[in-house]
Number of protein chains: 2
Amino acid sequence: MVSSSLRPLRADAARNRELLLAAAEEEFAERGLSASIADIARRAGIAKGTVFRHFASKEELIASIVCGHLATLADVARRLTDAGDPGAALLEFLTVAADQRRQHDLTFLQSVSEGDSRVTEVRDELYAGIGALVDRAHAAGTIRSDVTATDVFLLMCAPVHVVENLANPAPELWKRYLAIIFDGLRPEGATPLPQPAPARP
Amino acid sequence: MVSSSLRPLRADAARNRELLLAAAEEEFAERGLSASIADIARRAGIAKGTVFRHFASKEELIASIVCGHLATLADVARRLTDAGDPGAALLEFLTVAADQRRQHDLTFLQSVSEGDSRVTEVRDELYAGIGALVDRAHAAGTIRSDVTATDVFLLMCAPVHVVENLANPAPELWKRYLAIIFDGLRPEGATPLPQPAPARP
DNA sequence: AGACAACATGACCGGACGGTCATGTTGCTC
DNA sequence: GAGCAACATGACCGTCCGGTCATGTTGTCT
């Protein structure tokens with residue numbers, strides 16, 4: 001979203017960078033991780049060599065995309081922390097997160113950019129935001145007390161993933177599974193969990 | 001599991017076929033879809049050309065693996081249909097299914113082998129088995145009435161998928177998320193679902 | 001307007017991959 | 001045990017991909 005380089009980019013370079021990121025996002029969403037740099041460059045209307053001027057490697061390009069998505073989600077979480085109903089806020093966050101994933105499923109990119117320092121940094125921000133939402137939902141009694149922020153973080157993209165096993169899913173089918181999973185997070189009729197919550201990612 | 005060819009394989013060929021399938025399964029689980037035929041052959045202790053004697057293409061090899069897994073699951077479902085408690089039987093099925101996926105996550109192979117006729121055939125069997133389990137659970141009132149066999153089919157591998165977003169998950173952490181999701185399937189405290197169930201896959 | 005650094009370009013490289021095939025080997029049948 | 005079809009082998013082919021670099025182009029600053 002923001003380019004935090006010291007020297008500002010030249011006008012054409014900045015424009016190309018945005019075109020490139022947008023094209024890469026679409027190409028990855030359509031072709032998966034094996035989308036080629038050449039195809040991405042063609043889609044962006046720039047030459048292949050230019051890609052490597054902006055990003056040292058394919059991995060770095062992926063990390064930048066993931067960073068942008070995580071930052072957007074962190075922003076959403078932050079904004080929703082002040083919302084009225086804590087339970088509704090958490091559900092709204094999960095809805096926005098799933099909808100983002102539906103548009104461009106980039107979950108498979110996340111494992112690639114695991115080592116990147118910028119990614120882990122933004123992810124920590126997102127994690128903090130989710131933590132605040134979960135705390136408030138706990139206090140309001142909307143979700144069961146044995147569910148943690150890490151649980152929510154991990155379950156975030158599950159609805160979309162579930163739907164992707166279908167060839168032609170209805171565009172909003174993921175909402176069905178988000179509802180089912182969210183019901184599993186509610187205190188009513190909750191069964192004791194067989195395993196302790198994992199440490200934060 | 002069974003090789004339904006007309007002419008029986010020669011002894012060495014049959015042995016190599018099994019070695020090959022086992023090696024491919026491990027290699028795909030470790031390296032993902034991009035595992036190479038050469039690596040698979042090396043792991044099986046056979047030559048690369050031999051792979052293509054048994055399977056016309058990489059896709060066909062994948063389809064055979066997926067077939068075996070689906071057949072195993074269909075068998076489990078069939079056996080559990082006669083079990084005592086319908087609710088426990090369904091939970092047990094989901095547990096076995098998730099555990100199988102944990103050992104060798106091959107979900108990503110499923111989309112590749114979408115067009116294969118053998119795969120769709122075995123998948124239909126599995127689907128029928130799940131249908132029977134769900135019907136009995138409905139009758140016993142263990143799961144909410146608006147949940148279908150397709151829902152269960154789709155949610156089957158969700159617990160394992162959720163956990164895979166973690167770098168070093170505890171080996172049985174998936175049971176935590178299976179418990180949460182299964183709680184979402186229970187009638188107690190169920191919220192109306194916002195989307196209709198999809199048609200069978 | 002001139003002049004330079006920043007930027008864009010696409011031919012090119014090394015390597016890896018899926019798949020083929022001529023040649024050599026081996027299990028089965030009589 | 002002879003003979004043959006089934007099978008195994010690995011060198012080889014065409015293709016594609018990530019990444020490099022010498023050369024040409026353009027924004028920007030004075």
# chains A, B, ... in the order shown; residues from 1 in each chain; ligands from 1
$ closest_atom_pairs --of "chain C" --to "segment 10-14 of chain D" --cutoff "10 Å" --atoms "only C-alpha atoms (C1' of nucleotides)" --output "JSON lines"
{"residue": "C:DG19", "atom": "C1'", "partner": "D:DC13", "partner_atom": "C1'", "distance": 9.0}
{"residue": "C:DT20", "atom": "C1'", "partner": "D:DC13", "partner_atom": "C1'", "distance": 8.0}
{"residue": "C:DC21", "atom": "C1'", "partner": "D:DC12", "partner_atom": "C1'", "distance": 8.8}
$ closest_atom_pairs --of "chain C" --to "chain B" --cutoff "8 Å" --atoms "only C-alpha atoms (C1' of nucleotides)" --output "Markdown table"
| residue | atom | partner | partner_atom | distance |
| --- | --- | --- | --- | --- |
| C:DC17 | C1' | B:Ser36 | CA | 7.1 |
| C:DG18 | C1' | B:Ile37 | CA | 7.8 |
| C:DG19 | C1' | B:Ser57 | CA | 7.9 |
| C:DG27 | C1' | B:Arg10 | CA | 7.1 |
$ interface_residues --of "chain A" --to "chain B" --cutoff "8 Å" --atoms "only C-alpha atoms" --output "compact mmCIF listing (two decimals) with C-alpha atoms, in the first residue's frame"
# COMPACT_ATOMS: atom_id res chain seq x y z
CA SER A 111 3.95 -20.14 2.99
CA LEU A 154 -6.16 -19.80 11.65
CA LEU A 155 -9.87 -20.20 10.98
CA CYS A 157 -9.68 -18.35 5.56
CA ALA A 158 -11.29 -21.72 6.22
CA HIS A 161 -10.89 -22.90 1.37
CA VAL A 162 -13.81 -25.20 2.01
CA VAL A 163 -15.72 -23.82 -0.93
CA ASN A 165 -13.11 -27.88 -3.32
CA LEU A 166 -16.15 -27.28 -5.48
CA ALA A 167 -15.87 -26.80 -9.23
CA PRO A 169 -19.29 -22.65 -6.17
CA ALA A 170 -22.00 -20.07 -5.77
CA GLU A 172 -21.43 -16.30 -1.70
CA LEU A 173 -21.46 -19.92 -0.62
CA LYS A 175 -20.95 -17.34 3.94
CA ARG A 176 -22.69 -20.64 4.71
CA ALA A 179 -21.83 -19.22 9.66
CA ILE A 180 -21.26 -22.86 10.58
CA ILE A 181 -17.74 -22.20 11.85
CA PHE A 182 -18.81 -19.09 13.72
CA ASP A 183 -21.54 -21.13 15.39
CA GLY A 184 -18.74 -23.44 16.50
CA LEU A 185 -17.10 -20.48 18.20
CA ARG A 186 -20.20 -19.55 20.19
CA GLU A 188 -23.89 -22.24 23.41
CA GLY A 189 -23.56 -26.01 23.29
CA ALA A 190 -19.76 -25.86 23.27
CA THR A 191 -17.92 -29.13 23.80
CA LEU A 193 -11.67 -28.84 23.17
CA PRO A 194 -9.37 -31.88 23.02
CA GLN A 195 -6.17 -29.95 22.28
CA PRO A 196 -4.61 -26.81 23.78
CA ALA A 197 -4.47 -23.66 21.67
CA PRO A 198 -1.25 -23.24 19.68
CA PRO A 201 2.24 -17.81 14.72
$ closest_atom_pairs --of "chain D" --to "chain B" --cutoff "9 Å" --atoms "only C-alpha atoms (C1' of nucleotides)" --output "tab-separated table"
residue	atom	partner	partner_atom	distance
D:DA6	C1'	B:Arg10	CA	7.5
D:DC7	C1'	B:Ala13	CA	7.0
D:DA8	C1'	B:Thr50	CA	6.2
D:DT9	C1'	B:Ala47	CA	6.2
D:DG10	C1'	B:Ala47	CA	7.3
$ residues_around --residues "Val119 of chain A" --least-positions-apart "4" --cutoff "7 Å" --atoms "only C-alpha atoms (C1' of nucleotides)" --output "number ranges by chain"
A: 63, 67, 123
$ residues_around --residues "DT23 of chain D" --least-positions-apart "6" --cutoff "12 Å" --atoms "only C-alpha atoms (C1' of nucleotides)" --output "compact mmCIF listing (two decimals) with N, CA, C and O atoms (P, O5', C5', C4', C3', O3' and C1' of nucleotides), in the first residue's frame"
# COMPACT_ATOMS: atom_id res chain seq x y z
P DA C 8 10.89 1.35 -15.06
O5' DA C 8 11.32 1.06 -16.56
C5' DA C 8 10.84 1.91 -17.59
C4' DA C 8 11.11 1.32 -18.95
C3' DA C 8 10.61 -0.11 -19.15
O3' DA C 8 10.03 -0.20 -20.45
C1' DA C 8 12.96 -0.03 -19.52
P DT C 9 9.33 -1.55 -20.92
O5' DT C 9 10.46 -2.24 -21.79
C5' DT C 9 11.05 -1.51 -22.85
C4' DT C 9 12.17 -2.33 -23.47
C3' DT C 9 11.83 -3.80 -23.71
O3' DT C 9 11.81 -4.06 -25.09
C1' DT C 9 14.01 -3.52 -22.79
P DG C 10 10.69 -5.07 -25.69
O5' DG C 10 11.58 -6.29 -26.16
C5' DG C 10 12.73 -6.05 -26.96
C4' DG C 10 13.76 -7.14 -26.74
C3' DG C 10 13.21 -8.58 -26.74
O3' DG C 10 14.20 -9.43 -27.30
C1' DG C 10 14.33 -8.22 -24.76
P DA C 11 13.86 -10.31 -28.57
O5' DA C 11 15.33 -10.86 -28.95
C5' DA C 11 16.39 -9.95 -29.15
C4' DA C 11 17.65 -10.43 -28.42
C3' DA C 11 17.96 -11.92 -28.56
O3' DA C 11 19.35 -12.09 -28.75
C1' DA C 11 17.80 -11.37 -26.27
$ residues_around --residues "DG3 of chain D" --least-positions-apart "2" --cutoff "10 Å" --atoms "only C-alpha atoms (C1' of nucleotides)" --output "list of chain:residue names"
C:DT29, C:DC30, D:DG1, D:DA5
$ write_last_selection --atoms "all heavy atoms" --output "JSON list (two decimals), in the first residue's frame"
[["chain", "number", "residue", "atom", "x", "y", "z"],
["C", 29, "DT", "P", 2.26, -67.64, -16.99],
["C", 29, "DT", "OP1", 0.89, -67.09, -17.07],
["C", 29, "DT", "OP2", 2.68, -68.46, -15.83],
["C", 29, "DT", "O5'", 2.55, -68.48, -18.32],
["C", 29, "DT", "C5'", 2.67, -67.79, -19.56],
["C", 29, "DT", "C4'", 3.05, -68.77, -20.66],
["C", 29, "DT", "O4'", 4.50, -68.94, -20.70],
["C", 29, "DT", "C3'", 2.47, -70.17, -20.51],
["C", 29, "DT", "O3'", 1.94, -70.57, -21.77],
["C", 29, "DT", "C2'", 3.65, -71.02, -20.07],
["C", 29, "DT", "C1'", 4.82, -70.31, -20.72],
["C", 29, "DT", "N1", 6.12, -70.45, -20.01],
["C", 29, "DT", "C2", 7.28, -70.63, -20.73],
["C", 29, "DT", "O2", 7.30, -70.67, -21.95],
["C", 29, "DT", "N3", 8.42, -70.72, -19.98],
["C", 29, "DT", "C4", 8.52, -70.69, -18.59],
["C", 29, "DT", "O4", 9.60, -70.78, -18.03],
["C", 29, "DT", "C5", 7.27, -70.51, -17.90],
["C", 29, "DT", "C7", 7.26, -70.44, -16.40],
["C", 29, "DT", "C6", 6.14, -70.39, -18.63],
["C", 30, "DC", "P", 0.95, -71.84, -21.90],
["C", 30, "DC", "OP1", -0.20, -71.37, -22.69],
["C", 30, "DC", "OP2", 0.76, -72.42, -20.57],
["C", 30, "DC", "O5'", 1.77, -72.89, -22.79],
["C", 30, "DC", "C5'", 2.58, -72.42, -23.88],
["C", 30, "DC", "C4'", 3.64, -73.45, -24.21],
["C", 30, "DC", "O4'", 4.78, -73.29, -23.33],
["C", 30, "DC", "C3'", 3.19, -74.90, -24.04],
["C", 30, "DC", "O3'", 3.37, -75.59, -25.26],
["C", 30, "DC", "C2'", 4.08, -75.49, -22.95],
["C", 30, "DC", "C1'", 5.28, -74.55, -22.97],
["C", 30, "DC", "N1", 5.95, -74.40, -21.64],
["C", 30, "DC", "C2", 7.35, -74.25, -21.57],
["C", 30, "DC", "O2", 8.00, -74.24, -22.61],
["C", 30, "DC", "N3", 7.92, -74.11, -20.35],
["C", 30, "DC", "C4", 7.18, -74.11, -19.25],
["C", 30, "DC", "N4", 7.80, -73.96, -18.07],
["C", 30, "DC", "C5", 5.77, -74.26, -19.29],
["C", 30, "DC", "C6", 5.20, -74.40, -20.50],
["D", 1, "DG", "P", 18.31, -76.55, -18.13],
["D", 1, "DG", "OP1", 18.77, -77.96, -18.03],
["D", 1, "DG", "OP2", 18.63, -75.53, -17.12],
["D", 1, "DG", "O5'", 18.64, -76.01, -19.58],
["D", 1, "DG", "C5'", 18.14, -76.76, -20.70],
["D", 1, "DG", "C4'", 17.36, -75.84, -21.61],
["D", 1, "DG", "O4'", 15.99, -75.71, -21.13],
["D", 1, "DG", "C3'", 17.90, -74.41, -21.67],
["D", 1, "DG", "O3'", 17.61, -73.85, -22.96],
["D", 1, "DG", "C2'", 17.04, -73.69, -20.65],
["D", 1, "DG", "C1'", 15.69, -74.33, -20.99],
["D", 1, "DG", "N9", 14.65, -74.18, -19.97],
["D", 1, "DG", "C8", 14.84, -73.92, -18.63],
["D", 1, "DG", "N7", 13.73, -73.83, -17.98],
["D", 1, "DG", "C5", 12.73, -74.04, -18.94],
["D", 1, "DG", "C6", 11.33, -74.05, -18.82],
["D", 1, "DG", "O6", 10.66, -73.89, -17.81],
["D", 1, "DG", "N1", 10.72, -74.29, -20.05],
["D", 1, "DG", "C2", 11.37, -74.50, -21.23],
["D", 1, "DG", "N2", 10.63, -74.71, -22.28],
["D", 1, "DG", "N3", 12.69, -74.48, -21.35],
["D", 1, "DG", "C4", 13.31, -74.25, -20.17],
["D", 5, "DA", "P", 6.23, -62.43, -29.25],
["D", 5, "DA", "OP1", 5.45, -63.06, -30.32],
["D", 5, "DA", "OP2", 7.34, -61.49, -29.58],
["D", 5, "DA", "O5'", 5.24, -61.68, -28.27],
["D", 5, "DA", "C5'", 4.45, -62.45, -27.36],
["D", 5, "DA", "C4'", 4.57, -61.89, -25.94],
["D", 5, "DA", "O4'", 5.94, -62.07, -25.47],
["D", 5, "DA", "C3'", 4.29, -60.40, -25.83],
["D", 5, "DA", "O3'", 3.49, -60.17, -24.68],
["D", 5, "DA", "C2'", 5.67, -59.77, -25.68],
["D", 5, "DA", "C1'", 6.40, -60.86, -24.92],
["D", 5, "DA", "N9", 7.87, -60.80, -25.08],
["D", 5, "DA", "C8", 8.54, -60.54, -26.24],
["D", 5, "DA", "N7", 9.85, -60.57, -26.09],
["D", 5, "DA", "C5", 10.03, -60.86, -24.75],
["D", 5, "DA", "C6", 11.19, -61.02, -23.95],
["D", 5, "DA", "N6", 12.43, -60.92, -24.43],
["D", 5, "DA", "N1", 11.00, -61.31, -22.65],
["D", 5, "DA", "C2", 9.76, -61.42, -22.17],
["D", 5, "DA", "N3", 8.60, -61.28, -22.81],
["D", 5, "DA", "C4", 8.81, -61.01, -24.12]]
$ atom_distance --atom1 "atom CA of Ala83 of chain A" --atom2 "atom CA of Ile130 of chain A"
13.5 Å
$ residues_around --residues "Ile40 of chain A" --least-positions-apart "6" --cutoff "9 Å" --atoms "only C-alpha atoms (C1' of nucleotides)" --output "list of chain:residue names"
A:Leu20, A:Leu21, A:Ala23, A:Ala24, A:Glu25, A:Glu26, A:Glu27, A:Phe28, A:Ile46, A:Lys48, A:Val51
$ write_last_selection --atoms "all heavy atoms" --output "PDB file, in the first residue's frame"
ATOM      1  N   LEU A  20       2.346  -3.656 -12.039  1.00  0.00           N
ATOM      2  CA  LEU A  20       2.971  -4.958 -11.860  1.00  0.00           C
ATOM      3  C   LEU A  20       2.349  -5.731 -10.706  1.00  0.00           C
ATOM      4  O   LEU A  20       2.001  -6.909 -10.839  1.00  0.00           O
ATOM      5  CB  LEU A  20       4.471  -4.734 -11.615  1.00  0.00           C
ATOM      6  CG  LEU A  20       5.349  -5.944 -11.356  1.00  0.00           C
ATOM      7  CD1 LEU A  20       5.137  -6.980 -12.438  1.00  0.00           C
ATOM      8  CD2 LEU A  20       6.798  -5.508 -11.301  1.00  0.00           C
ATOM      9  N   LEU A  21       2.161  -5.045  -9.587  1.00  0.00           N
ATOM     10  CA  LEU A  21       1.570  -5.710  -8.423  1.00  0.00           C
ATOM     11  C   LEU A  21       0.150  -6.177  -8.713  1.00  0.00           C
ATOM     12  O   LEU A  21      -0.233  -7.291  -8.364  1.00  0.00           O
ATOM     13  CB  LEU A  21       1.580  -4.753  -7.217  1.00  0.00           C
ATOM     14  CG  LEU A  21       2.915  -4.646  -6.485  1.00  0.00           C
ATOM     15  CD1 LEU A  21       2.878  -3.529  -5.448  1.00  0.00           C
ATOM     16  CD2 LEU A  21       3.261  -5.976  -5.818  1.00  0.00           C
ATOM     17  N   ALA A  23      -1.174  -6.847 -11.671  1.00  0.00           N
ATOM     18  CA  ALA A  23      -1.133  -7.949 -12.640  1.00  0.00           C
ATOM     19  C   ALA A  23      -0.700  -9.238 -11.963  1.00  0.00           C
ATOM     20  O   ALA A  23      -1.272 -10.309 -12.206  1.00  0.00           O
ATOM     21  CB  ALA A  23      -0.176  -7.609 -13.778  1.00  0.00           C
ATOM     22  N   ALA A  24       0.301  -9.137 -11.091  1.00  0.00           N
ATOM     23  CA  ALA A  24       0.805 -10.332 -10.410  1.00  0.00           C
ATOM     24  C   ALA A  24      -0.289 -10.950  -9.541  1.00  0.00           C
ATOM     25  O   ALA A  24      -0.468 -12.161  -9.511  1.00  0.00           O
ATOM     26  CB  ALA A  24       2.021  -9.975  -9.570  1.00  0.00           C
ATOM     27  N   GLU A  25      -1.028 -10.092  -8.853  1.00  0.00           N
ATOM     28  CA  GLU A  25      -2.096 -10.580  -7.986  1.00  0.00           C
ATOM     29  C   GLU A  25      -3.124 -11.371  -8.779  1.00  0.00           C
ATOM     30  O   GLU A  25      -3.521 -12.473  -8.389  1.00  0.00           O
ATOM     31  CB  GLU A  25      -2.752  -9.382  -7.303  1.00  0.00           C
ATOM     32  CG  GLU A  25      -3.444  -9.741  -6.023  1.00  0.00           C
ATOM     33  CD  GLU A  25      -3.789  -8.496  -5.223  1.00  0.00           C
ATOM     34  OE1 GLU A  25      -2.875  -7.694  -4.940  1.00  0.00           O
ATOM     35  OE2 GLU A  25      -4.965  -8.319  -4.889  1.00  0.00           O
ATOM     36  N   GLU A  26      -3.536 -10.799  -9.909  1.00  0.00           N
ATOM     37  CA  GLU A  26      -4.524 -11.490 -10.745  1.00  0.00           C
ATOM     38  C   GLU A  26      -3.960 -12.790 -11.310  1.00  0.00           C
ATOM     39  O   GLU A  26      -4.635 -13.820 -11.307  1.00  0.00           O
ATOM     40  CB  GLU A  26      -4.962 -10.571 -11.885  1.00  0.00           C
ATOM     41  CG  GLU A  26      -5.804  -9.390 -11.409  1.00  0.00           C
ATOM     42  CD  GLU A  26      -6.056  -8.401 -12.536  1.00  0.00           C
ATOM     43  OE1 GLU A  26      -5.828  -8.763 -13.706  1.00  0.00           O
ATOM     44  OE2 GLU A  26      -6.479  -7.259 -12.243  1.00  0.00           O
ATOM     45  N   GLU A  27      -2.733 -12.697 -11.782  1.00  0.00           N
ATOM     46  CA  GLU A  27      -2.141 -13.883 -12.413  1.00  0.00           C
ATOM     47  C   GLU A  27      -1.969 -15.013 -11.391  1.00  0.00           C
ATOM     48  O   GLU A  27      -2.271 -16.175 -11.682  1.00  0.00           O
ATOM     49  CB  GLU A  27      -0.790 -13.499 -13.027  1.00  0.00           C
ATOM     50  CG  GLU A  27      -0.333 -14.395 -14.149  1.00  0.00           C
ATOM     51  CD  GLU A  27      -1.142 -14.220 -15.425  1.00  0.00           C
ATOM     52  OE1 GLU A  27      -1.789 -13.147 -15.590  1.00  0.00           O
ATOM     53  OE2 GLU A  27      -1.149 -15.142 -16.252  1.00  0.00           O
ATOM     54  N   PHE A  28      -1.510 -14.677 -10.205  1.00  0.00           N
ATOM     55  CA  PHE A  28      -1.350 -15.695  -9.169  1.00  0.00           C
ATOM     56  C   PHE A  28      -2.699 -16.297  -8.788  1.00  0.00           C
ATOM     57  O   PHE A  28      -2.819 -17.502  -8.553  1.00  0.00           O
ATOM     58  CB  PHE A  28      -0.663 -15.105  -7.934  1.00  0.00           C
ATOM     59  CG  PHE A  28       0.827 -15.028  -8.050  1.00  0.00           C
ATOM     60  CD1 PHE A  28       1.494 -13.837  -7.833  1.00  0.00           C
ATOM     61  CD2 PHE A  28       1.575 -16.150  -8.372  1.00  0.00           C
ATOM     62  CE1 PHE A  28       2.880 -13.763  -7.945  1.00  0.00           C
ATOM     63  CE2 PHE A  28       2.961 -16.088  -8.486  1.00  0.00           C
ATOM     64  CZ  PHE A  28       3.609 -14.883  -8.275  1.00  0.00           C
ATOM     65  N   ILE A  46       4.515  -4.558 -19.373  1.00  0.00           N
ATOM     66  CA  ILE A  46       5.913  -4.154 -19.246  1.00  0.00           C
ATOM     67  C   ILE A  46       6.816  -5.324 -19.616  1.00  0.00           C
ATOM     68  O   ILE A  46       6.333  -6.431 -19.837  1.00  0.00           O
ATOM     69  CB  ILE A  46       6.235  -3.693 -17.806  1.00  0.00           C
ATOM     70  CG1 ILE A  46       6.087  -4.865 -16.854  1.00  0.00           C
ATOM     71  CG2 ILE A  46       5.371  -2.534 -17.410  1.00  0.00           C
ATOM     72  CD1 ILE A  46       6.404  -4.508 -15.431  1.00  0.00           C
ATOM     73  N   LYS A  48       9.876  -8.154 -19.224  1.00  0.00           N
ATOM     74  CA  LYS A  48      10.200  -9.088 -18.161  1.00  0.00           C
ATOM     75  C   LYS A  48      11.329  -8.578 -17.274  1.00  0.00           C
ATOM     76  O   LYS A  48      11.290  -8.721 -16.050  1.00  0.00           O
ATOM     77  CB  LYS A  48      10.612 -10.416 -18.820  1.00  0.00           C
ATOM     78  CG  LYS A  48      10.777 -11.563 -17.888  1.00  0.00           C
ATOM     79  CD  LYS A  48      11.059 -12.826 -18.687  1.00  0.00           C
ATOM     80  CE  LYS A  48      11.953 -13.775 -17.946  1.00  0.00           C
ATOM     81  NZ  LYS A  48      12.369 -14.908 -18.796  1.00  0.00           N
ATOM     82  N   VAL A  51      10.482  -6.381 -14.290  1.00  0.00           N
ATOM     83  CA  VAL A  51       9.978  -7.015 -13.073  1.00  0.00           C
ATOM     84  C   VAL A  51      11.102  -7.142 -12.053  1.00  0.00           C
ATOM     85  O   VAL A  51      10.939  -6.830 -10.875  1.00  0.00           O
ATOM     86  CB  VAL A  51       9.392  -8.408 -13.380  1.00  0.00           C
ATOM     87  CG1 VAL A  51       8.937  -9.094 -12.098  1.00  0.00           C
ATOM     88  CG2 VAL A  51       8.242  -8.283 -14.363  1.00  0.00           C
TER      89      VAL A  51
END
$ residues_around --residues "Gly84 of chain B" --least-positions-apart "3" --cutoff "12 Å" --atoms "only C-alpha atoms (C1' of nucleotides)" --output "ChimeraX atom specification"
/B:79-81,87-90,92,133,136-137,140
$ atom_distance --atom1 "atom CA of Arg144 of chain B" --atom2 "atom CA of Ile143 of chain A"
19.4 Å
$ select_by_dssp --residues "segment 76-143 of chain A" --states "alpha helix (DSSP H)" --output "count of residues only"
53
